[in-house]
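Participant: Just dropping this structure here.
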Amino acid sequence: MEAKTHIAAIARALDVAADRAKRHKLGRVRIFTDAQAALKRMTHDEPGPGQTHALQARKAIAALHKREPAVEIEIR
């Protein structure tokens with residue numbers, strides 16, 4: 001599976017967490033993946049494969065922190 005597919009899945013999981021945060025207080029969000037390339041891709045927003053999903057994931061993280069500033073987000 002390509003890194004961009006993994007990034008899309010991580011972004012979707014973060015979107016789900018942000019949606020749940022609208023209804024419930026979240027103390028911690030943990031997402032587990034074995035896709036090291038996807039994790040590395042999420043650390044920058046330079047053009048390339050997976051950029052759209054990386055930006056989406058980063059926006060979801062920002063939305064979670066805006067709604068719950070103390071939420072702990074772990075992507076492992």
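Residues are referred to by chain and number: the chain letter is A, B, ... according to the order shown in the structure tokens, the number counts from 1 in that chain, and ligands are numbered separately from 1 in the order shown.
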Quick one: residues within 8 Å of Ala54 in chain A, only C-alpha atoms, excluding same-chain residues fewer than 2 positions away - as a ChimeraX atom specification?

Facilitator: /A:7-8,11,41-42,44-45,50-52,56-58

Participant: For C-alpha atoms, I'd like the residues from the last selection saved as a compact mmCIF listing (two decimals), in the first residue's frame.

Facilitator:
```txt
# COMPACT_ATOMS: atom_id res chain seq x y z
CA ILE A 7 -1.93 9.13 5.07
CA ALA A 8 -5.53 9.21 3.82
CA ALA A 11 -6.43 11.81 8.04
CA ARG A 41 5.24 12.56 4.87
CA MET A 42 2.95 14.19 7.42
CA HIS A 44 5.98 18.63 5.89
CA ASP A 45 3.62 20.19 3.37
CA GLY A 50 0.18 12.47 -0.43
CA GLN A 51 0.34 16.25 0.01
CA THR A 52 -3.44 16.66 -0.02
CA GLN A 56 -5.97 17.29 5.63
CA ALA A 57 -4.42 15.41 8.57
CA ARG A 58 -2.69 18.54 9.81
```

Participant: Which residues are near Ala13 in chain A? Cut-off 12 Å, only C-alpha atoms, ignore same chain within fewer than 6 positions. Put them as a list in words.

Facilitator: His6, Ile7, Asp19, Arg20, Val29, Arg30, Ile31, Phe32, Thr33, His53, Gln56, Ala57, Arg58, Ala60, Ile61, Leu64, Ile73, Glu74 and Ile75 of chain A

Participant: Just the residues within 9 Å of range 23-26 of chain A, please, counting only C-alpha atoms, with nothing from its chain fewer than 2 positions along; format it as a ChimeraX atom specification.

Facilitator: /A:17,19-21,28-29,68,70-72

Participant: Would you write out those residues with C-alpha atoms, as a tab-separated table (two decimals), in the first residue's frame?

Facilitator:
```tsv
chain	number	residue	atom	x	y	z
A	17	ALA	CA	-11.78	12.08	16.29
A	19	ASP	CA	-16.14	14.90	14.91
A	20	ARG	CA	-16.38	12.95	18.17
A	21	ALA	CA	-14.79	15.85	20.02
A	28	ARG	CA	-6.23	11.43	24.21
A	29	VAL	CA	-6.36	10.28	20.60
A	68	GLU	CA	-9.81	20.76	23.06
A	70	ALA	CA	-5.34	19.85	26.17
A	71	VAL	CA	-6.05	16.82	23.98
A	72	GLU	CA	-3.06	14.52	23.49
```

Participant: Which parts of chain A does DSSP call strand (DSSP E) when run on the backbone here, written out as JSON, numbers by chain?

Facilitator: {"A": [28, 29, 30, 31, 72, 73, 74, 75]}
